[in-house]
>>> print(open('run_31.txt').read())   # compact mmCIF, C-alpha atoms
# COMPACT_ATOMS: atom_id res chain seq x y z
CA MET A 1 -21.54 -18.70 32.65
CA ARG A 2 -20.84 -19.00 28.95
CA LEU A 3 -17.47 -17.63 27.88
CA GLN A 4 -18.88 -17.20 24.38
CA ASP A 5 -21.10 -14.41 25.67
CA HIS A 6 -18.09 -12.21 26.33
CA ILE A 7 -17.90 -9.21 24.02
CA LEU A 8 -14.37 -10.08 22.87
CA VAL A 9 -15.32 -13.61 21.81
CA PRO A 10 -16.78 -13.99 18.30
CA LYS A 11 -19.19 -16.78 17.39
CA HIS A 12 -17.54 -20.22 17.08
CA GLU A 13 -19.28 -23.13 15.31
CA ILE A 14 -18.13 -26.61 14.40
CA LEU A 15 -18.40 -27.26 10.66
CA LYS A 16 -20.09 -30.44 9.46
CA GLU A 17 -18.00 -32.81 7.40
CA GLU A 18 -19.62 -31.96 4.07
CA GLU A 19 -19.26 -28.25 4.81
CA VAL A 20 -15.54 -28.79 5.47
CA GLU A 21 -15.21 -30.57 2.14
CA GLU A 22 -16.98 -27.73 0.37
CA LEU A 23 -14.84 -25.10 2.07
CA LEU A 24 -11.55 -26.80 1.25
CA ASN A 25 -12.60 -27.13 -2.39
CA LEU A 26 -13.55 -23.48 -2.52
CA LEU A 27 -10.29 -22.29 -1.00
CA GLY A 28 -8.15 -24.87 -2.79
CA VAL A 29 -6.19 -25.75 0.33
CA LYS A 30 -5.65 -28.80 2.49
CA LYS A 31 -7.06 -28.96 5.99
CA GLU A 32 -3.57 -28.60 7.52
CA GLN A 33 -3.05 -25.29 5.73
CA LEU A 34 -5.83 -23.59 7.64
CA PRO A 35 -4.99 -21.42 10.66
CA LYS A 36 -5.02 -23.39 13.89
CA ILE A 37 -6.77 -23.30 17.20
CA LYS A 38 -5.72 -25.42 20.15
CA ALA A 39 -7.93 -28.15 21.56
CA SER A 40 -7.15 -26.65 24.96
CA ASP A 41 -8.61 -23.28 23.95
CA PRO A 42 -11.40 -22.40 26.43
CA ILE A 43 -13.94 -21.76 23.68
CA VAL A 44 -13.08 -24.97 21.83
CA LYS A 45 -13.68 -26.86 25.06
CA GLU A 46 -16.94 -25.04 25.58
CA ILE A 47 -18.38 -25.96 22.18
CA GLY A 48 -16.95 -29.46 22.49
CA ALA A 49 -14.79 -29.56 19.37
CA LYS A 50 -12.22 -32.32 18.88
CA PRO A 51 -8.82 -32.20 17.13
CA GLY A 52 -9.41 -32.46 13.38
CA ASP A 53 -12.62 -30.42 13.47
CA VAL A 54 -12.81 -27.19 11.53
CA ILE A 55 -14.31 -24.24 13.38
CA LYS A 56 -16.11 -21.43 11.63
CA ILE A 57 -15.59 -18.11 13.34
CA THR A 58 -17.90 -15.22 12.53
CA ARG A 59 -16.11 -12.07 13.57
CA LYS A 60 -17.33 -8.55 13.71
CA SER A 61 -14.88 -6.77 11.47
CA LEU A 62 -14.02 -3.09 11.61
CA THR A 63 -13.66 -2.97 7.84
CA ALA A 64 -16.02 -5.54 6.36
CA GLY A 65 -18.76 -5.53 8.97
CA VAL A 66 -18.83 -9.28 9.26
CA SER A 67 -15.94 -11.55 8.33
CA ILE A 68 -15.72 -15.30 8.41
CA PHE A 69 -12.60 -17.13 9.47
CA TYR A 70 -11.80 -20.83 9.75
CA ARG A 71 -9.49 -22.60 12.14
CA LEU A 72 -8.46 -26.22 12.41
CA VAL A 73 -8.51 -27.70 15.91
CA VAL A 74 -5.12 -29.17 16.78
CA GLU A 75 -3.69 -30.88 19.87
CA MET B 1 -39.01 -1.08 -2.33
CA SER B 2 -36.22 -3.36 -1.34
CA TYR B 3 -32.77 -3.34 -2.89
CA ASP B 4 -31.70 -6.45 -1.02
CA SER B 5 -32.44 -8.75 -3.94
CA ILE B 6 -30.01 -6.80 -6.15
CA LEU B 7 -27.29 -6.68 -3.52
CA ASP B 8 -27.61 -10.36 -2.75
CA ASP B 9 -26.13 -11.19 -6.15
CA TYR B 10 -22.85 -9.46 -5.34
CA PRO B 11 -20.18 -10.84 -2.99
CA LEU B 12 -19.57 -7.50 -1.30
CA PRO B 13 -18.67 -7.14 2.41
CA SER B 14 -21.71 -6.52 4.58
CA SER B 15 -20.57 -3.05 5.65
CA VAL B 16 -20.27 -1.96 2.00
CA LYS B 17 -23.67 -3.44 1.19
CA GLU B 18 -25.21 -1.57 4.09
CA GLU B 19 -23.72 1.69 2.91
CA ILE B 20 -24.95 1.25 -0.67
CA LYS B 21 -28.39 0.27 0.56
CA GLN B 22 -28.69 3.35 2.73
CA GLU B 23 -27.65 5.60 -0.12
CA LEU B 24 -30.05 3.94 -2.56
CA GLU B 25 -32.91 4.27 -0.10
CA ARG B 26 -32.11 7.92 0.46
CA LEU B 27 -32.14 8.65 -3.26
CA LYS B 28 -35.13 6.37 -3.91
CA VAL B 29 -33.80 5.22 -7.27
CA LYS B 30 -35.61 2.82 -9.60
CA LYS B 31 -34.70 -0.83 -9.67
CA ASN B 32 -32.94 -0.85 -13.04
CA VAL B 33 -30.88 2.23 -12.11
CA ALA B 34 -30.04 0.69 -8.76
CA LYS B 35 -28.76 -2.37 -10.55
CA LYS B 36 -26.36 -0.25 -12.60
CA ILE B 37 -25.18 1.64 -9.51
CA VAL B 38 -24.50 -1.57 -7.66
CA GLU B 39 -22.63 -2.96 -10.66
CA HIS B 40 -20.45 0.17 -10.72
CA CYS B 41 -19.85 -0.09 -7.00
CA TYR B 42 -18.84 -3.70 -7.40
CA GLN B 43 -16.33 -2.81 -10.12
CA ALA B 44 -14.90 -0.06 -7.91
CA TYR B 45 -14.69 -2.53 -5.04
CA LEU B 46 -12.84 -5.06 -7.20
CA SER B 47 -10.33 -2.49 -8.40
CA ASN B 48 -9.65 -1.48 -4.80
CA LEU B 49 -8.92 -4.97 -3.55
CA ILE B 50 -5.34 -5.72 -2.74
CA GLU B 51 -3.51 -7.44 -5.60
CA PRO B 52 -2.52 -11.07 -5.14
CA GLY B 53 1.21 -11.21 -4.48
CA GLU B 54 1.35 -7.80 -2.86
CA ALA B 55 3.79 -7.60 0.06
CA VAL B 56 1.17 -6.71 2.66
CA GLY B 57 3.45 -7.55 5.57
CA ILE B 58 6.05 -4.99 4.54
CA VAL B 59 3.36 -2.37 3.97
CA ALA B 60 1.93 -3.07 7.42
CA ALA B 61 5.39 -2.90 9.01
CA GLN B 62 6.08 0.49 7.44
CA SER B 63 2.63 1.82 8.19
CA ILE B 64 2.95 1.02 11.89
CA GLY B 65 6.67 1.71 12.08
CA GLU B 66 6.69 5.23 10.73
CA PRO B 67 4.08 6.66 13.15
CA GLY B 68 5.87 4.64 15.84
CA THR B 69 8.88 6.94 15.47
CA GLN B 70 6.69 9.85 16.46
CA MET B 71 5.46 8.25 19.65
CA THR B 72 6.58 9.49 23.00
CA MET B 73 9.20 7.57 24.85
CA ARG B 74 7.67 8.73 28.11
CA THR B 75 6.39 5.59 29.76
CA PHE B 76 3.76 6.85 32.16
CA HIS B 77 0.77 8.93 31.74
CA TYR B 78 -2.24 9.54 33.88
CA ALA B 79 -5.01 8.33 31.63
CA GLY B 80 -8.50 9.74 31.74
CA VAL B 81 -10.14 11.26 34.77
CA ALA B 82 -9.32 8.41 37.13
CA GLU B 83 -5.98 8.81 38.79
CA LEU B 84 -4.76 5.52 37.36
CA ASN B 85 -1.25 5.19 36.07
CA VAL B 86 -1.14 3.51 32.68
CA THR B 87 1.72 2.71 30.31
CA LEU B 88 1.13 4.41 26.99
CA GLY B 89 2.91 5.31 23.81
CA LEU B 90 5.77 3.33 22.32
CA PRO B 91 6.51 1.24 25.44
CA ARG B 92 2.89 0.07 25.47
CA LEU B 93 2.91 -0.74 21.74
CA ILE B 94 6.06 -2.81 22.22
CA GLU B 95 4.41 -4.54 25.16
CA ILE B 96 1.43 -5.50 23.00
CA LEU B 97 3.51 -6.82 20.10
CA ASP B 98 5.90 -8.66 22.45
CA VAL B 99 3.00 -10.38 24.25
CA ARG B 100 4.47 -9.66 27.68
CA LYS B 101 3.05 -12.03 30.23
CA ASN B 102 2.92 -9.30 32.85
CA PRO B 103 2.30 -5.83 31.45
CA SER B 104 3.95 -3.08 33.47
CA THR B 105 0.62 -1.51 34.41
CA PRO B 106 -2.13 -4.15 34.42
CA MET B 107 -5.56 -2.60 34.52
CA MET B 108 -9.13 -3.81 34.35
CA THR B 109 -12.37 -2.19 33.31
CA ILE B 110 -15.17 -3.89 35.18
CA ARG B 111 -18.79 -3.33 34.29
CA LEU B 112 -21.58 -4.34 36.63
CA LEU B 113 -24.88 -6.11 36.30
CA PRO B 114 -27.86 -3.75 35.91
CA GLU B 115 -28.97 -4.09 39.54
CA TYR B 116 -25.53 -2.97 40.76
CA ALA B 117 -24.57 -0.49 38.04
CA LYS B 118 -27.06 2.25 38.90
CA ASP B 119 -26.40 2.60 42.61
CA ARG B 120 -23.14 3.93 44.00
CA GLU B 121 -23.51 2.00 47.27
CA LYS B 122 -24.05 -1.27 45.43
CA ALA B 123 -21.09 -0.55 43.18
CA ARG B 124 -18.99 0.10 46.29
CA GLU B 125 -20.12 -3.28 47.60
CA VAL B 126 -18.77 -5.02 44.50
CA ALA B 127 -15.58 -2.97 44.65
CA ASN B 128 -15.05 -4.20 48.24
CA ARG B 129 -15.34 -7.78 47.07
CA ILE B 130 -12.69 -7.18 44.42
CA GLU B 131 -10.14 -4.88 46.03
CA ALA B 132 -7.47 -6.63 48.05
CA THR B 133 -7.75 -5.74 51.73
CA TYR B 134 -4.71 -6.53 53.81
CA LEU B 135 -4.89 -7.32 57.47
CA LYS B 136 -2.60 -4.34 58.15
CA ASP B 137 -5.18 -2.05 56.54
CA ILE B 138 -7.94 -2.95 58.96
CA ALA B 139 -6.08 -3.84 62.14
CA GLU B 140 -3.10 -2.96 64.27
CA ILE B 141 -0.63 -5.81 64.53
CA GLU B 142 1.87 -6.12 67.34
CA VAL B 143 4.31 -8.76 68.47
CA ASP B 144 4.43 -9.68 72.12
CA LEU B 145 7.82 -11.28 72.63
CA ARG B 146 7.24 -12.21 76.28
CA GLU B 147 4.06 -14.09 75.56
CA MET B 148 5.29 -15.39 72.21
CA SER B 149 2.15 -14.15 70.54
CA ILE B 150 0.89 -11.69 67.97
CA ILE B 151 -1.75 -9.23 69.05
CA ILE B 152 -4.23 -8.08 66.40
CA LYS B 153 -6.45 -5.11 67.20
CA PRO B 154 -9.07 -4.78 64.49
CA ASP B 155 -10.30 -1.28 63.78
CA SER B 156 -14.08 -1.56 64.10
CA GLU B 157 -14.70 1.32 61.74
CA ALA B 158 -12.49 -0.16 59.04
CA LEU B 159 -14.27 -3.46 59.47
CA LYS B 160 -17.60 -1.77 59.01
CA ARG B 161 -16.41 0.05 55.93
CA LYS B 162 -15.25 -3.20 54.39
CA ASP B 163 -18.43 -4.98 55.46
CA LEU B 164 -16.51 -7.57 57.42
CA THR B 165 -17.41 -9.02 60.82
CA PHE B 166 -15.10 -9.87 63.69
CA GLU B 167 -16.05 -13.55 63.42
CA GLU B 168 -15.26 -13.67 59.72
CA LEU B 169 -11.86 -12.17 60.39
CA LYS B 170 -11.19 -14.73 63.12
CA GLU B 171 -12.17 -17.55 60.82
CA LYS B 172 -9.91 -16.24 58.09
CA LEU B 173 -6.98 -16.05 60.52
CA GLU B 174 -7.60 -19.56 61.77
CA LYS B 175 -7.47 -20.84 58.22
CA THR B 176 -4.16 -19.09 57.62
CA VAL B 177 -2.20 -20.11 60.71
CA LYS B 178 -3.70 -23.62 60.88
CA LYS B 179 -1.72 -25.81 63.27
CA ASP B 180 1.17 -23.44 63.92
CA ALA B 181 -0.78 -21.37 66.37
CA GLU B 182 -4.09 -20.99 68.11
CA ILE B 183 -6.28 -17.93 68.11
CA LEU B 184 -7.71 -16.52 71.31
CA GLU B 185 -10.16 -13.72 71.79
CA ARG B 186 -9.67 -11.08 74.48
CA ASP B 187 -11.56 -7.80 74.85
CA GLY B 188 -12.00 -7.08 71.17
CA MET B 189 -8.52 -8.27 70.29
CA LEU B 190 -7.36 -11.40 68.58
CA ILE B 191 -4.31 -13.08 70.00
CA VAL B 192 -2.32 -15.48 67.90
CA LYS B 193 -0.48 -17.82 70.25
CA ILE B 194 2.42 -19.62 68.64
CA SER B 195 2.55 -23.34 69.37
CA LYS B 196 6.34 -23.57 69.53
CA GLU B 197 8.82 -21.45 71.47
CA SER B 198 10.56 -20.14 68.40
CA TYR B 199 11.33 -16.53 67.58
CA LYS B 200 11.78 -17.36 63.95
CA LEU B 201 8.33 -18.90 63.71
CA LEU B 202 6.88 -15.92 65.53
CA MET B 203 8.46 -13.44 63.13
CA ASP B 204 7.54 -15.52 60.10
CA LYS B 205 3.92 -15.63 61.21
CA PHE B 206 3.96 -11.93 61.94
CA GLU B 207 5.11 -11.17 58.41
CA GLU B 208 2.67 -13.61 56.92
CA LEU B 209 -0.24 -12.10 58.82
CA ARG B 210 0.73 -8.54 58.00
CA ASP B 211 0.53 -9.25 54.27
CA LEU B 212 -2.52 -11.46 54.55
CA VAL B 213 -5.30 -10.67 52.13
CA VAL B 214 -8.42 -10.90 54.28
CA MET B 215 -10.80 -9.92 51.54
CA GLY B 216 -10.82 -9.42 47.78
CA ILE B 217 -8.45 -10.56 45.06
CA LYS B 218 -4.73 -10.43 45.74
CA GLU B 219 -3.74 -8.95 42.36
CA ILE B 220 -6.20 -6.07 42.50
CA LYS B 221 -4.39 -3.36 44.39
CA ARG B 222 -6.86 -0.54 43.98
CA VAL B 223 -10.37 -0.02 42.69
CA ILE B 224 -11.75 3.27 41.45
CA ILE B 225 -15.46 3.81 40.89
CA ARG B 226 -16.39 6.13 38.08
CA LYS B 227 -19.71 7.12 36.68
CA GLU B 228 -19.91 6.71 32.95
CA GLU B 229 -23.10 7.90 31.33
CA ASP B 230 -25.75 6.27 33.52
CA GLU B 231 -23.78 3.43 35.06
CA TYR B 232 -20.99 3.01 37.54
CA VAL B 233 -17.85 1.37 36.18
CA LEU B 234 -14.96 0.00 38.20
CA TYR B 235 -11.37 0.60 37.16
CA THR B 236 -8.68 -1.40 38.84
CA GLU B 237 -4.97 -1.31 39.28
CA GLY B 238 -3.83 -4.89 38.81
CA SER B 239 -5.60 -7.61 36.91
CA ASN B 240 -7.04 -11.06 37.45
CA LEU B 241 -9.72 -11.71 34.86
CA LYS B 242 -10.49 -15.26 35.92
CA LYS B 243 -11.33 -14.37 39.51
CA VAL B 244 -13.04 -11.05 38.81
CA MET B 245 -15.38 -12.70 36.28
CA LYS B 246 -16.75 -14.89 39.07
CA VAL B 247 -17.39 -12.10 41.56
CA LYS B 248 -21.05 -11.49 42.38
CA GLY B 249 -22.43 -8.39 40.72
CA VAL B 250 -19.85 -8.28 37.91
CA ASP B 251 -21.13 -8.42 34.34
CA PHE B 252 -18.40 -10.72 33.02
CA THR B 253 -19.46 -10.29 29.40
CA ARG B 254 -18.32 -6.67 29.45
CA THR B 255 -15.35 -6.96 31.76
CA LEU B 256 -11.99 -6.25 30.16
CA THR B 257 -8.33 -6.28 31.05
CA ASN B 258 -5.31 -4.82 29.28
CA ASP B 259 -3.34 -8.01 29.92
CA ILE B 260 -3.61 -9.75 26.54
CA TYR B 261 -2.00 -12.97 27.70
CA GLU B 262 -4.61 -13.28 30.43
CA ILE B 263 -7.38 -12.85 27.85
CA TYR B 264 -5.75 -15.58 25.78
CA GLU B 265 -5.72 -17.95 28.75
CA VAL B 266 -9.25 -17.23 29.93
CA LEU B 267 -11.16 -16.45 26.72
CA GLY B 268 -9.11 -18.11 24.01
CA ILE B 269 -7.21 -17.15 20.90
CA GLU B 270 -9.99 -15.30 19.09
CA ALA B 271 -10.61 -13.01 22.04
CA ALA B 272 -6.85 -12.41 22.23
CA ARG B 273 -6.84 -11.36 18.58
CA ALA B 274 -9.67 -8.92 19.22
CA ALA B 275 -7.84 -7.61 22.27
CA ILE B 276 -4.58 -7.05 20.37
CA ILE B 277 -6.42 -5.01 17.74
CA LYS B 278 -8.33 -3.02 20.34
CA GLU B 279 -5.30 -2.26 22.49
CA ALA B 280 -3.06 -1.34 19.53
CA ILE B 281 -5.65 1.01 18.04
CA GLU B 282 -6.25 2.66 21.40
CA THR B 283 -2.53 3.13 21.99
CA LEU B 284 -2.00 4.69 18.56
CA GLU B 285 -5.11 6.85 18.76
CA GLU B 286 -4.20 8.17 22.17
CA GLN B 287 -0.98 9.45 20.62
CA GLY B 288 -2.94 11.11 17.84
CA LEU B 289 -1.64 8.76 15.19
CA GLU B 290 -3.78 7.32 12.46
CA VAL B 291 -2.94 3.85 11.24
CA ASP B 292 -5.33 1.91 9.05
CA VAL B 293 -6.86 -0.96 11.03
CA ARG B 294 -6.09 -3.40 8.23
CA HIS B 295 -2.41 -3.26 9.11
CA ILE B 296 -3.10 -3.94 12.76
CA MET B 297 -5.52 -6.71 11.88
CA LEU B 298 -2.84 -8.35 9.74
CA VAL B 299 -0.36 -8.21 12.61
CA ALA B 300 -2.94 -9.68 14.99
CA ASP B 301 -3.73 -12.45 12.52
CA VAL B 302 -0.08 -13.40 12.15
CA MET B 303 0.39 -13.41 15.91
CA THR B 304 -2.57 -15.75 16.44
CA ALA B 305 -2.43 -17.94 13.30
CA ASP B 306 -0.97 -20.98 15.09
CA GLY B 307 -3.58 -21.05 17.80
CA GLU B 308 -1.19 -19.66 20.37
CA LEU B 309 0.04 -16.14 20.95
CA ARG B 310 3.33 -15.54 19.20
CA GLN B 311 5.22 -12.32 19.64
CA ILE B 312 6.63 -10.33 16.74
CA GLY B 313 10.32 -10.82 17.35
CA ARG B 314 13.06 -13.36 17.65
CA HIS B 315 11.15 -15.59 20.07
CA GLY B 316 8.06 -15.60 17.89
CA VAL B 317 7.19 -14.87 14.31
CA ALA B 318 10.66 -13.81 13.12
CA GLY B 319 12.49 -16.53 15.05
CA GLU B 320 10.39 -19.30 13.57
CA LYS B 321 11.22 -18.46 9.98
CA GLN B 322 12.29 -21.49 8.08
CA SER B 323 15.20 -19.81 6.34
CA ILE B 324 18.54 -19.52 8.14
CA LEU B 325 19.58 -16.42 6.21
CA ALA B 326 16.30 -14.66 6.97
CA ARG B 327 16.72 -15.37 10.68
CA ALA B 328 20.35 -14.28 10.62
CA ALA B 329 19.42 -11.06 8.84
CA PHE B 330 16.94 -10.19 11.58
CA GLU B 331 18.72 -10.49 14.91
CA MET B 332 21.67 -12.32 16.47
CA THR B 333 23.36 -13.05 13.16
CA VAL B 334 26.33 -15.04 14.45
CA ASN B 335 24.28 -17.14 16.86
CA ASN B 336 21.80 -18.11 14.18
CA LEU B 337 24.43 -19.03 11.61
CA LEU B 338 26.44 -20.99 14.16
CA GLU B 339 23.41 -22.89 15.41
CA ALA B 340 22.25 -23.69 11.89
CA ALA B 341 25.72 -24.95 11.00
CA VAL B 342 25.83 -27.18 14.08
CA LYS B 343 22.43 -28.65 13.28
CA GLY B 344 23.25 -28.98 9.58
CA GLU B 345 20.20 -27.00 8.48
CA ILE B 346 19.47 -26.42 4.81
CA ASP B 347 18.20 -23.13 3.39
CA TYR B 348 15.91 -23.83 0.47
CA LEU B 349 15.83 -20.16 -0.57
CA LYS B 350 12.07 -20.08 -0.86
CA GLY B 351 11.48 -16.81 0.97
CA ILE B 352 12.08 -13.15 0.24
CA THR B 353 14.89 -12.06 2.55
CA GLU B 354 17.24 -14.88 1.64
CA ASN B 355 16.77 -14.29 -2.09
CA ILE B 356 17.54 -10.61 -1.70
CA ILE B 357 20.70 -11.51 0.22
CA ILE B 358 21.99 -13.73 -2.55
CA GLY B 359 20.73 -11.44 -5.33
CA GLN B 360 17.99 -13.46 -6.96
CA PRO B 361 14.55 -12.35 -8.14
CA ILE B 362 12.05 -12.59 -5.29
CA LYS B 363 8.70 -14.30 -5.28
CA LEU B 364 6.59 -11.22 -4.71
CA GLY B 365 4.31 -9.16 -6.90
CA THR B 366 5.12 -9.85 -10.55
CA GLY B 367 8.03 -12.05 -9.46
CA ASP B 368 5.55 -14.52 -8.07
CA VAL B 369 4.00 -15.26 -11.45
CA GLU B 370 5.37 -17.89 -13.77
CA LEU B 371 4.60 -18.54 -17.39
CA ILE B 372 3.27 -21.94 -18.24
CA ALA B 373 3.23 -22.75 -21.93
CA ASN B 374 0.45 -25.05 -22.98
CA LEU B 375 2.16 -26.91 -25.79
CA GLY B 376 0.40 -29.20 -28.18
CA VAL B 377 -3.18 -28.27 -27.57
CA ARG B 378 -4.27 -25.94 -30.31
CA LYS B 379 -7.66 -25.33 -31.75
>>> encode(input="run_31.txt", output="structure tokens")
Amino acid sequence: MRLQDHILVPKHEILKEEEVEELLNLLGVKKEQLPKIKASDPIVKEIGAKPGDVIKITRKSLTAGVSIFYRLVVE
Amino acid sequence: MSYDSILDDYPLPSSVKEEIKQELERLKVKKNVAKKIVEHCYQAYLSNLIEPGEAVGIVAAQSIGEPGTQMTMRTFHYAGVAELNVTLGLPRLIEILDVRKNPSTPMMTIRLLPEYAKDREKAREVANRIEATYLKDIAEIEVDLREMSIIIKPDSEALKRKDLTFEELKEKLEKTVKKDAEILERDGMLIVKISKESYKLLMDKFEELRDLVVMGIKEIKRVIIRKEEDEYVLYTEGSNLKKVMKVKGVDFTRTLTNDIYEIYEVLGIEAARAAIIKEAIETLEEQGLEVDVRHIMLVADVMTADGELRQIGRHGVAGEKQSILARAAFEMTVNNLLEAAVKGEIDYLKGITENIIIGQPIKLGTGDVELIANLGVRK
């Protein structure tokens, strides 16, 4: 049973280090300024992300069709 | 002819791109014309974007608040065809934004795996596995004071209906009473013999057994089977997402609950965000009110930004404001000021509310822009 298959759960991916760098440069923010997600979150556990990782979330949006969101994994 | 190569050059949202593409394909325009159209669309898109520095939170608050005044105060309503009682209207909206841990009418929508969804009998089977069945529903329970025992007379028809055997029932009872009593069988009856001569123990056991859930999930009080299009769907009164997801025959990927906190615990913060949006839209729509989803999405984003569900209110978003004056202006003025004074808090006057209170320009819209003179460098 994969919780990620549930219709309410959008796609979660761990960003690679260089992708994180690129993203932060693009947005002009520090890592800590990103929205957070807890390390205890069931989906974070499922994809095996560790605190400090940045997760890319690809949501289905009612307005934009697809929207991409980033969250920093915290304790 | 493909217009994708033209559209790829523009950072437009995918839904907008799709719409333009469809229109272009319908009109079958030439490539160079298409390019101009897309350029125009992009300009229109840019001019419709929200301005940086716009007070989107206030706009969202007003846009949800005003229709909120038109909502019914009546708490209950019988929703849909199923005779299920659901909280709707303003009380439900408040429940969603307050992130109540136990909504007043928890409800689940359970969809079944293909092999169970088509057949009513099979759907009933799954419903039996989910719905809580109490011992008192399937058997007569009596106390025999002389013998210091409890007599349980199972109704064979009820057992059959619930697809439960006498032996299974006995096993279940043995597990419940453990060492406090032994279970004897006598002409189709089960006799629970208490190990000690104590009336209190006897009555305690009697009460325990009467409310014993012999089958199903304790929280699910009732299950209703409804046919929707070509599949059978289960609606329940009561909710326990974690357990229901594991029941055989349930398609967990399409199983929903209206308890947002439960979704947060089982499926995580992103699912909770999606659930807040879904529930809020449904509540507003049911009342015939139209609120742009962007406002609701903003609210859901604020509630979930920290990775945990925060309510809109003094225990959540508003209560965690950094400014003392902003907190005091919201709710419990005296308490907030007193507490801040005791702790020796400092208000840095960085926000909006506090600057309005003391009569300074606010950092919003044009007030958020500052002039920086670049002295010395001149061509």
>>> closest_residue(input="run_31.txt", among="B:Arg222, B:Lys122, B:His40, B:Arg161", to="Tyr235 of chain B", atoms="only C-alpha atoms")
B:Arg222
>>> residues_around(input="run_31.txt", residues="segment 27-38 of chain A", least_positions_apart="2", cutoff="7 Å", atoms="only C-alpha atoms", output="list in words")
Leu23, Leu24, Asn25, Ser40, Asp41, Tyr70, Arg71, Leu72, Val73, Val74 and Glu75 of chain A; Ala305, Asp306 and Gly307 of chain B
>>> residues_near_point(input="run_31.txt", point="(-24.3, -7.1, 10.2)", cutoff="10 Å", atoms="all atoms listed in the file", output="count of residues only")
11
>>> closest_residue(input="run_31.txt", among="A:Lys16, A:Asp53, A:Glu21, A:Lys45", to="chain B", atoms="only C-alpha atoms")
A:Lys45
>>> residues_around(input="run_31.txt", residues="Tyr264 of chain B", least_positions_apart="2", cutoff="9 Å", atoms="only C-alpha atoms", output="PyMOL selection string")
(chain A and resi 41-42) or (chain B and resi 259-262+266-273+275+308-309)
>>> atom_distance(input="run_31.txt", atom1="atom CA of Lys205 of chain B", atom2="atom CA of Pro154 of chain B")
17.2 Å
>>> residues_around(input="run_31.txt", residues="Gly188 of chain B", least_positions_apart="2", cutoff="10 Å", atoms="all atoms listed in the file", output="ChimeraX atom specification")
/B:152-156,166,185-186,190-191
>>> closest_residue(input="run_31.txt", among="A:Ile68, A:Val9, A:Arg2, A:Gly48", to="chain B", atoms="all atoms listed in the file")
A:Val9
>>> atom_distance(input="run_31.txt", atom1="atom CA of Ile50 of chain B", atom2="atom CA of His295 of chain B")
12.5 Å
>>> atom_distance(input="run_31.txt", atom1="atom CA of Lys246 of chain B", atom2="atom CA of Ala117 of chain B")
16.4 Å
>>> closest_residue(input="run_31.txt", among="B:Val56, B:Ile372, B:Leu24, B:Met245", to="chain A", atoms="only C-alpha atoms")
B:Met245
>>> closest_residue(input="run_31.txt", among="A:Val20, A:Ile47, A:Leu26, A:Leu62", to="chain B", atoms="only C-alpha atoms")
A:Leu62
>>> closest_residue(input="run_31.txt", among="B:Asp251, B:Glu25, B:Glu157, B:Glu168", to="chain A", atoms="all atoms listed in the file")
B:Asp251
>>> residues_around(input="run_31.txt", residues="Ser195 of chain B", least_positions_apart="4", cutoff="8 Å", atoms="all atoms listed in the file", output="JSON, numbers by chain")
{"B": [179, 180, 181, 182]}
>>> axis_aligned_box(input="run_31.txt", around="segment 98-105 of chain B", padding_each_side="5 Å", output="AutoDock Vina command-line options")
--center_x 3.3 --center_y -6.8 --center_z 28.4 --size_x 15.3 --size_y 20.5 --size_z 22.0
>>> residues_around(input="run_31.txt", residues="Pro10 of chain A", least_positions_apart="2", cutoff="8 Å", atoms="only C-alpha atoms", output="ChimeraX atom specification")
/A:4,7-8,12,57-60 /B:270-271
>>> decode(input="run_31.txt", residues="segment 154-160 of chain B", atoms="N, CA, C and O atoms", output="compact mmCIF listing (two decimals), in the first residue's frame")
# COMPACT_ATOMS: atom_id res chain seq x y z
N PRO B 154 -27.15 -15.93 21.33
CA PRO B 154 -26.97 -15.34 20.01
C PRO B 154 -28.17 -15.63 19.10
O PRO B 154 -28.74 -16.73 19.16
N ASP B 155 -28.54 -14.65 18.35
CA ASP B 155 -29.63 -14.79 17.39
C ASP B 155 -29.02 -15.37 16.10
O ASP B 155 -28.22 -14.72 15.44
N SER B 156 -29.40 -16.58 15.77
CA SER B 156 -28.74 -17.26 14.65
C SER B 156 -28.94 -16.54 13.32
O SER B 156 -28.08 -16.53 12.45
N GLU B 157 -30.10 -15.90 13.20
CA GLU B 157 -30.34 -15.17 11.95
C GLU B 157 -29.46 -13.93 11.83
O GLU B 157 -28.92 -13.65 10.77
N ALA B 158 -29.31 -13.24 12.96
CA ALA B 158 -28.44 -12.06 12.96
C ALA B 158 -27.01 -12.45 12.66
O ALA B 158 -26.30 -11.75 11.94
N LEU B 159 -26.61 -13.59 13.23
CA LEU B 159 -25.26 -14.08 12.99
C LEU B 159 -25.04 -14.33 11.50
O LEU B 159 -24.01 -13.96 10.94
N LYS B 160 -26.04 -14.96 10.90
CA LYS B 160 -25.94 -15.29 9.49
C LYS B 160 -25.83 -14.02 8.65
O LYS B 160 -25.04 -13.92 7.72
